[in-house]
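See below for my_file_12.pdb, which holds PDB, C-alpha atoms.
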ATOM      1  CA  MET A 182      12.364   0.842 -14.070
ATOM      2  CA  ARG A 183      13.798  -2.378 -12.755
ATOM      3  CA  ARG A 184      11.975  -5.431 -13.958
ATOM      4  CA  VAL A 185      11.900  -8.808 -12.240
ATOM      5  CA  SER A 186      11.009 -12.226 -13.605
ATOM      6  CA  LEU A 187       7.344 -13.117 -13.560
ATOM      7  CA  LEU A 188       8.047 -16.266 -11.544
ATOM      8  CA  ARG A 189       9.865 -14.318  -8.795
ATOM      9  CA  LEU A 190       7.109 -11.702  -8.759
ATOM     10  CA  ILE A 191       4.426 -14.380  -8.360
ATOM     11  CA  ALA A 192       6.374 -16.089  -5.561
ATOM     12  CA  VAL A 193       6.901 -12.853  -3.605
ATOM     13  CA  PHE A 194       3.350 -11.602  -4.136
ATOM     14  CA  THR A 195       1.859 -14.985  -3.157
ATOM     15  CA  TRP A 196       3.917 -15.087   0.029
ATOM     16  CA  THR A 197       2.961 -11.471   0.779
ATOM     17  CA  GLY A 198      -0.708 -12.346   0.296
ATOM     18  CA  LEU A 199      -0.437 -15.380   2.565
ATOM     19  CA  SER A 200       1.608 -13.740   5.302
ATOM     20  CA  SER A 201      -0.001 -10.288   5.494
ATOM     21  CA  PHE A 202      -2.892  -9.366   7.724
ATOM     22  CA  GLY A 203      -5.392  -6.551   8.033
ATOM     23  CA  GLY A 204      -5.393  -2.928   7.004
ATOM     24  CA  GLY A 205      -1.622  -2.645   7.288
ATOM     25  CA  ARG A 206      -1.038  -5.047   4.442
ATOM     26  CA  SER A 207       0.728  -2.427   2.365
ATOM     27  CA  ALA A 208       3.467  -2.450   5.022
ATOM     28  CA  TYR A 209       4.213  -6.023   3.968
ATOM     29  CA  PHE A 210       4.561  -4.941   0.342
ATOM     30  CA  HIS A 211       6.850  -2.090   1.377
ATOM     31  CA  ASP A 212       9.003  -4.448   3.405
ATOM     32  CA  ALA A 213       9.155  -7.108   0.672
ATOM     33  CA  LEU A 214       9.763  -4.863  -2.332
ATOM     34  CA  VAL A 215      11.509  -1.734  -1.021
ATOM     35  CA  ARG A 216      13.349  -2.733   2.125
ATOM     36  CA  ARG A 217      14.357  -6.359   1.632
ATOM     37  CA  ARG A 218      14.697  -6.738  -2.131
ATOM     38  CA  GLY A 219      15.236  -3.177  -3.354
ATOM     39  CA  TRP A 220      13.101  -3.864  -6.423
ATOM     40  CA  ILE A 221      11.627  -0.363  -6.254
ATOM     41  CA  ARG A 222      12.524   2.885  -4.525
ATOM     42  CA  ASN A 223      10.494   4.374  -1.688
ATOM     43  CA  ASP A 224       9.216   7.223  -3.878
ATOM     44  CA  GLU A 225       8.011   4.720  -6.496
ATOM     45  CA  PHE A 226       6.199   2.773  -3.786
ATOM     46  CA  VAL A 227       4.568   5.978  -2.534
ATOM     47  CA  GLN A 228       3.381   6.805  -6.075
ATOM     48  CA  ASP A 229       1.824   3.364  -6.543
ATOM     49  CA  PHE A 230       0.403   3.396  -3.008
ATOM     50  CA  THR A 231      -1.205   6.783  -3.646
ATOM     51  CA  LEU A 232      -2.662   5.595  -6.942
ATOM     52  CA  SER A 233      -4.082   2.487  -5.271
ATOM     53  CA  GLN A 234      -5.723   4.639  -2.590
ATOM     54  CA  VAL A 235      -7.474   7.114  -4.884
ATOM     55  CA  LEU A 236      -8.822   4.639  -7.450
ATOM     56  CA  PRO A 237     -11.970   2.574  -6.881
ATOM     57  CA  GLY A 238     -11.590  -0.950  -5.575
ATOM     58  CA  PRO A 239      -9.765  -2.635  -2.710
ATOM     59  CA  ASN A 240      -6.529  -0.778  -1.958
ATOM     60  CA  PHE A 241      -4.405  -3.899  -1.513
ATOM     61  CA  SER A 242      -5.543  -5.389  -4.829
ATOM     62  CA  ASN A 243      -5.000  -2.057  -6.567
ATOM     63  CA  LEU A 244      -1.506  -1.870  -5.076
ATOM     64  CA  ALA A 245      -0.724  -5.408  -6.286
ATOM     65  CA  VAL A 246      -1.738  -4.463  -9.829
ATOM     66  CA  ALA A 247       0.255  -1.203  -9.805
ATOM     67  CA  LEU A 248       3.394  -2.763  -8.331
ATOM     68  CA  GLY A 249       3.109  -5.854 -10.531
ATOM     69  CA  TYR A 250       2.790  -3.691 -13.616
ATOM     70  CA  ARG A 251       5.763  -1.559 -12.560
ATOM     71  CA  LEU A 252       7.918  -4.641 -12.005
ATOM     72  CA  ALA A 253       6.879  -6.940 -14.843
ATOM     73  CA  GLY A 254       4.547  -5.118 -17.225
ATOM     74  CA  LEU A 255       0.969  -6.113 -18.022
ATOM     75  CA  ALA A 256       1.552  -9.774 -17.145
ATOM     76  CA  GLY A 257       3.001  -8.649 -13.799
ATOM     77  CA  GLY A 258      -0.120  -6.605 -13.074
ATOM     78  CA  VAL A 259      -2.446  -9.506 -13.841
ATOM     79  CA  TRP A 260      -0.397 -12.174 -12.057
ATOM     80  CA  GLY A 261       0.331  -9.830  -9.153
ATOM     81  CA  LEU A 262      -3.399  -9.443  -8.583
ATOM     82  CA  LEU A 263      -4.053 -13.190  -8.839
ATOM     83  CA  ALA A 264      -1.117 -14.031  -6.550
ATOM     84  CA  ILE A 265      -2.384 -11.632  -3.889
ATOM     85  CA  VAL A 266      -6.103 -12.422  -4.072
ATOM     86  CA  LEU A 267      -6.430 -16.161  -4.777
ATOM     87  CA  PRO A 268      -4.556 -17.679  -1.811
ATOM     88  CA  GLY A 269      -6.378 -15.468   0.687
ATOM     89  CA  ALA A 270      -9.727 -16.094  -1.026
ATOM     90  CA  VAL A 271      -9.274 -19.859  -0.766
ATOM     91  CA  ILE A 272      -8.351 -19.575   2.921
ATOM     92  CA  LEU A 273     -11.288 -17.209   3.541
ATOM     93  CA  VAL A 274     -13.791 -19.603   1.965
ATOM     94  CA  GLY A 275     -12.448 -22.456   4.092
ATOM     95  CA  ALA A 276     -12.424 -20.424   7.323
ATOM     96  CA  THR A 277     -15.895 -19.016   6.641
ATOM     97  CA  THR A 278     -17.256 -22.502   6.038
ATOM     98  CA  LEU A 279     -15.796 -23.687   9.346
ATOM     99  CA  TYR A 280     -17.061 -20.588  11.167
ATOM    100  CA  LEU A 281     -20.601 -20.885   9.817
ATOM    101  CA  HIS A 282     -20.695 -24.545  10.857
ATOM    102  CA  GLY A 283     -19.752 -23.674  14.456
ATOM    103  CA  ALA A 284     -16.106 -24.764  14.378
ATOM    104  CA  PHE A 285     -15.003 -21.636  16.246
ATOM    105  CA  GLY A 286     -16.216 -20.749  19.725
ATOM    106  CA  GLY A 287     -16.310 -17.479  21.639
ATOM    107  CA  SER A 288     -12.519 -17.397  21.626
ATOM    108  CA  ALA A 289     -12.606 -16.372  17.954
ATOM    109  CA  THR A 290     -14.164 -13.035  18.918
ATOM    110  CA  LEU A 291     -11.435 -12.430  21.504
ATOM    111  CA  LEU A 292      -8.780 -13.342  18.948
ATOM    112  CA  MET A 293     -10.222 -10.843  16.442
ATOM    113  CA  ARG A 294     -10.171  -8.067  19.055
ATOM    114  CA  GLY A 295      -6.536  -8.784  19.836
ATOM    115  CA  LEU A 296      -5.569  -8.933  16.183
ATOM    116  CA  SER A 297      -7.358  -5.658  15.455
ATOM    117  CA  ALA A 298      -4.893  -3.890  17.763
ATOM    118  CA  ALA A 299      -2.007  -5.391  15.793
ATOM    119  CA  VAL A 300      -3.614  -4.184  12.557
ATOM    120  CA  VAL A 301      -3.791  -0.629  13.937
ATOM    121  CA  GLY A 302      -0.063  -0.851  14.642
ATOM    122  CA  LEU A 303       0.634  -2.000  11.085
ATOM    123  CA  VAL A 304      -1.430   0.849   9.632
ATOM    124  CA  CYS A 305       0.589   3.311  11.745
ATOM    125  CA  VAL A 306       3.887   1.809  10.563
ATOM    126  CA  THR A 307       2.828   2.112   6.919
ATOM    127  CA  ALA A 308       1.660   5.692   7.415
ATOM    128  CA  LEU A 309       4.944   6.691   9.038
ATOM    129  CA  ARG A 310       6.967   5.051   6.274
ATOM    130  CA  ILE A 311       5.167   6.846   3.461
ATOM    131  CA  VAL A 312       5.123  10.219   5.227
ATOM    132  CA  ARG A 313       8.774  10.746   4.324
ATOM    133  CA  GLY A 314       8.109  10.239   0.629
ATOM    134  CA  SER A 315       4.873  12.221   0.557
ATOM    135  CA  LEU A 316       5.173  15.245   2.814
ATOM    136  CA  ARG A 317       7.958  17.318   1.374
ATOM    137  CA  GLY A 318       7.628  20.976   2.226
ATOM    138  CA  GLY A 319       4.821  23.129   3.487
ATOM    139  CA  ARG A 320       2.438  22.440   0.611
ATOM    140  CA  GLY A 321       2.346  18.702   1.260
ATOM    141  CA  ILE A 322       1.901  19.216   4.985
ATOM    142  CA  LEU A 323      -0.904  21.716   4.333
ATOM    143  CA  VAL A 324      -2.757  19.362   1.979
ATOM    144  CA  ALA A 325      -2.380  16.463   4.441
ATOM    145  CA  ALA A 326      -3.553  18.557   7.411
ATOM    146  CA  VAL A 327      -6.610  19.974   5.621
ATOM    147  CA  THR A 328      -7.545  16.512   4.325
ATOM    148  CA  PHE A 329      -7.185  15.027   7.808
ATOM    149  CA  LEU A 330      -9.327  17.753   9.376
ATOM    150  CA  ALA A 331     -11.985  17.613   6.656
ATOM    151  CA  VAL A 332     -12.425  13.826   6.686
ATOM    152  CA  GLY A 333     -11.668  13.279  10.381
ATOM    153  CA  PRO A 334     -13.065  15.831  12.841
ATOM    154  CA  LEU A 335     -15.309  17.631  10.319
ATOM    155  CA  ARG A 336     -16.643  14.325   8.868
ATOM    156  CA  LEU A 337     -17.010  15.644   5.341
ATOM    157  CA  SER A 338     -17.501  13.277   2.414
ATOM    158  CA  THR A 339     -14.264  11.415   1.715
ATOM    159  CA  VAL A 340     -14.889  11.393  -2.046
ATOM    160  CA  GLY A 341     -15.618  15.121  -2.113
ATOM    161  CA  VAL A 342     -12.590  15.960   0.019
ATOM    162  CA  VAL A 343     -10.281  13.813  -2.131
ATOM    163  CA  LEU A 344     -11.538  15.466  -5.326
ATOM    164  CA  VAL A 345     -11.184  18.995  -3.921
ATOM    165  CA  MET A 346      -7.793  18.316  -2.349
ATOM    166  CA  ALA A 347      -6.511  16.693  -5.533
ATOM    167  CA  ALA A 348      -7.378  19.889  -7.422
ATOM    168  CA  VAL A 349      -5.839  22.056  -4.686
ATOM    169  CA  SER A 350      -2.703  19.926  -4.596
ATOM    170  CA  LEU A 351      -2.368  20.050  -8.372
ATOM    171  CA  ALA A 352      -2.774  23.842  -8.324
ATOM    172  CA  LEU A 353      -0.222  24.246  -5.516
ATOM    173  CA  HIS A 354       2.338  22.077  -7.256
ATOM    174  CA  TRP A 355       1.626  23.474 -10.714
ATOM    175  CA  VAL A 356       2.538  27.006  -9.613
ATOM    176  CA  ALA A 357       5.892  25.985  -8.130
ATOM    177  CA  PRO A 358       6.791  22.319  -8.703
ATOM    178  CA  ALA A 359       8.374  20.474  -5.781
ATOM    179  CA  PRO A 360      11.966  19.276  -6.259
ATOM    180  CA  LEU A 361      12.278  15.877  -7.899
ATOM    181  CA  ALA A 362      13.318  12.799  -5.958
ATOM    182  CA  PRO A 363      17.050  12.081  -5.892
ATOM    183  CA  PRO A 364      18.394   9.816  -8.650
ATOM    184  CA  VAL A 365      18.539   6.066  -8.055
ATOM    185  CA  GLY A 366      21.296   5.071  -5.652
ATOM    186  CA  THR A 367      21.635   8.459  -3.949
ATOM    187  CA  ALA A 368      19.135   7.944  -1.121
ATOM    188  CA  SER A 369      20.571   6.806   2.167
ATOM    189  CA  SER A 370      19.204   3.756   3.953
ATOM    190  CA  GLU A 371      17.645   6.117   6.518
ATOM    191  CA  GLU A 372      15.548   7.776   3.779
ATOM    192  CA  ILE A 373      14.284   4.464   2.409
ATOM    193  CA  CYS A 374      12.849   3.200   5.663
TER     194      CYS A 374
END
What's the structure tokens form of this structure?
Amino acid sequence: MRRVSLLRLIAVFTWTGLSSFGGGRSAYFHDALVRRRGWIRNDEFVQDFTLSQVLPGPNFSNLAVALGYRLAGLAGGVWGLLAIVLPGAVILVGATTLYLHGAFGGSATLLMRGLSAAVVGLVCVTALRIVRGSLRGGRGILVAAVTFLAVGPLRLSTVGVVLVMAAVSLALHWVAPAPLAPPVGTASSEEIC
């Protein structure tokens, strides 16, 4: 595991927290840590991203803790969370105060509608980037497809589906483990997108 200085981690996480928007915020983390700095590999990001999705709490905060811990230990996890949450929280309190006192007009609603389309695009980018690291072979594709159908069109309980599919996935991979990720430095730049 490559470790970075706590000061660099705080600077990068703070900037990521200040410059990222909406549901696609994990795409900013991927870009900052995997693509631009190479601090972690794509498969490591996918592991931490998956963990942040299945545990309770806000996904982005969970991801900050997991990545911070991976990069700089316990202090990295704590400071990663603070660096991600505090700047946005301060801005949110200020913007909410202005909004509740009538500082924004009807144009704010139009702006939010326009930005929501950009957020959908960011979510799609993140999904496409992690697909490569997650869906290896028929078992992964099967688990993803069944989960999508169960939660999407069938509208089954997300918690129930995740619990059942986690057990199914574990059973499928326990019987015949998937091949391990290539060693560090062997993945091409195309694979780490």
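Around Val215 (chain A), within 12 Å and counting only C-alpha atoms, the residues found are Arg183, Ser207, Ala208, Tyr209, Phe210, His211, Asp212, Ala213, Arg217, Arg218, Gly219, Trp220, Ile221, Arg222, Asn223, Asp224, Glu225, Phe226, Val227, Leu248, Leu252, Arg310, Ile311, Ser370, Glu372, Ile373 and Cys374 of chain A, once anything fewer than 2 positions away on its own chain is removed.
A straight line drawn from CA of Thr231 (chain A) to CA of Arg313 (chain A) is 13.4 Å long.
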In Å and to one decimal, CA of Leu292 (chain A) is distant from CA of Ala270 (chain A) by 20.2 Å
Would you mind listing what lies within 10 Å of Leu187 (chain A) as a ChimeraX atom specification, with all atoms listed in the file counted and same-chain residues fewer than 3 positions away left out?
/A:184,190-193,249,252-254,256-258,260-261
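Here the question is which of A:Ser201, A:Ser350, A:Arg189, A:Thr278 gets nearest to Leu316 (chain A) using only C-alpha atoms, and that residue is A:Ser350.
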Could you jot down the CA of Leu323 (chain A) to CA of Arg216 (chain A) separation for me, Å, one decimal place?
28.4 Å
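Residues within 7 Å of Leu303 (chain A), counting only C-alpha atoms and excluding same-chain residues fewer than 3 positions away, are Gly205, Ala208, Ala299, Val300, Val306 and Thr307 of chain A.
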Of the candidates A:Pro268, A:Phe194, A:Ala348, A:Leu309, which shows the shortest atom-to-atom distance to Leu244 (chain A), using all atoms listed in the file?
A:Phe194
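If only C-alpha atoms are the atoms counted, then among A:Leu267, A:Val185, A:Val332, A:Cys305 the closest residue to Ser242 (chain A) is A:Leu267.
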Between A:Ser315, A:Gln234, A:Thr339, A:Thr195, single out the one closest to Leu263 (chain A), counting all atoms listed in the file.
A:Thr195
Kindly indicate which residue among A:Leu335, A:Trp196, A:Leu232, A:Tyr250 lies nearest to Ala347 (chain A), using all atoms listed in the file for the distances.
A:Leu232
Which neighbours of Val340 (chain A) fall inside 12 Å, counting all atoms listed in the file, when residues of the same chain fewer than 3 positions from it are skipped, and could you give them as a PDB file with C-alpha atoms, in the coordinates of the input?
ATOM      1  CA  GLN A 234      -5.723   4.639  -2.590  1.00  0.00           C
ATOM      2  CA  VAL A 235      -7.474   7.114  -4.884  1.00  0.00           C
ATOM      3  CA  LEU A 236      -8.822   4.639  -7.450  1.00  0.00           C
ATOM      4  CA  PRO A 237     -11.970   2.574  -6.881  1.00  0.00           C
ATOM      5  CA  THR A 328      -7.545  16.512   4.325  1.00  0.00           C
ATOM      6  CA  ALA A 331     -11.985  17.613   6.656  1.00  0.00           C
ATOM      7  CA  VAL A 332     -12.425  13.826   6.686  1.00  0.00           C
ATOM      8  CA  ARG A 336     -16.643  14.325   8.868  1.00  0.00           C
ATOM      9  CA  LEU A 337     -17.010  15.644   5.341  1.00  0.00           C
ATOM     10  CA  VAL A 343     -10.281  13.813  -2.131  1.00  0.00           C
ATOM     11  CA  LEU A 344     -11.538  15.466  -5.326  1.00  0.00           C
ATOM     12  CA  VAL A 345     -11.184  18.995  -3.921  1.00  0.00           C
ATOM     13  CA  MET A 346      -7.793  18.316  -2.349  1.00  0.00           C
ATOM     14  CA  ALA A 347      -6.511  16.693  -5.533  1.00  0.00           C
TER      15      ALA A 347
END
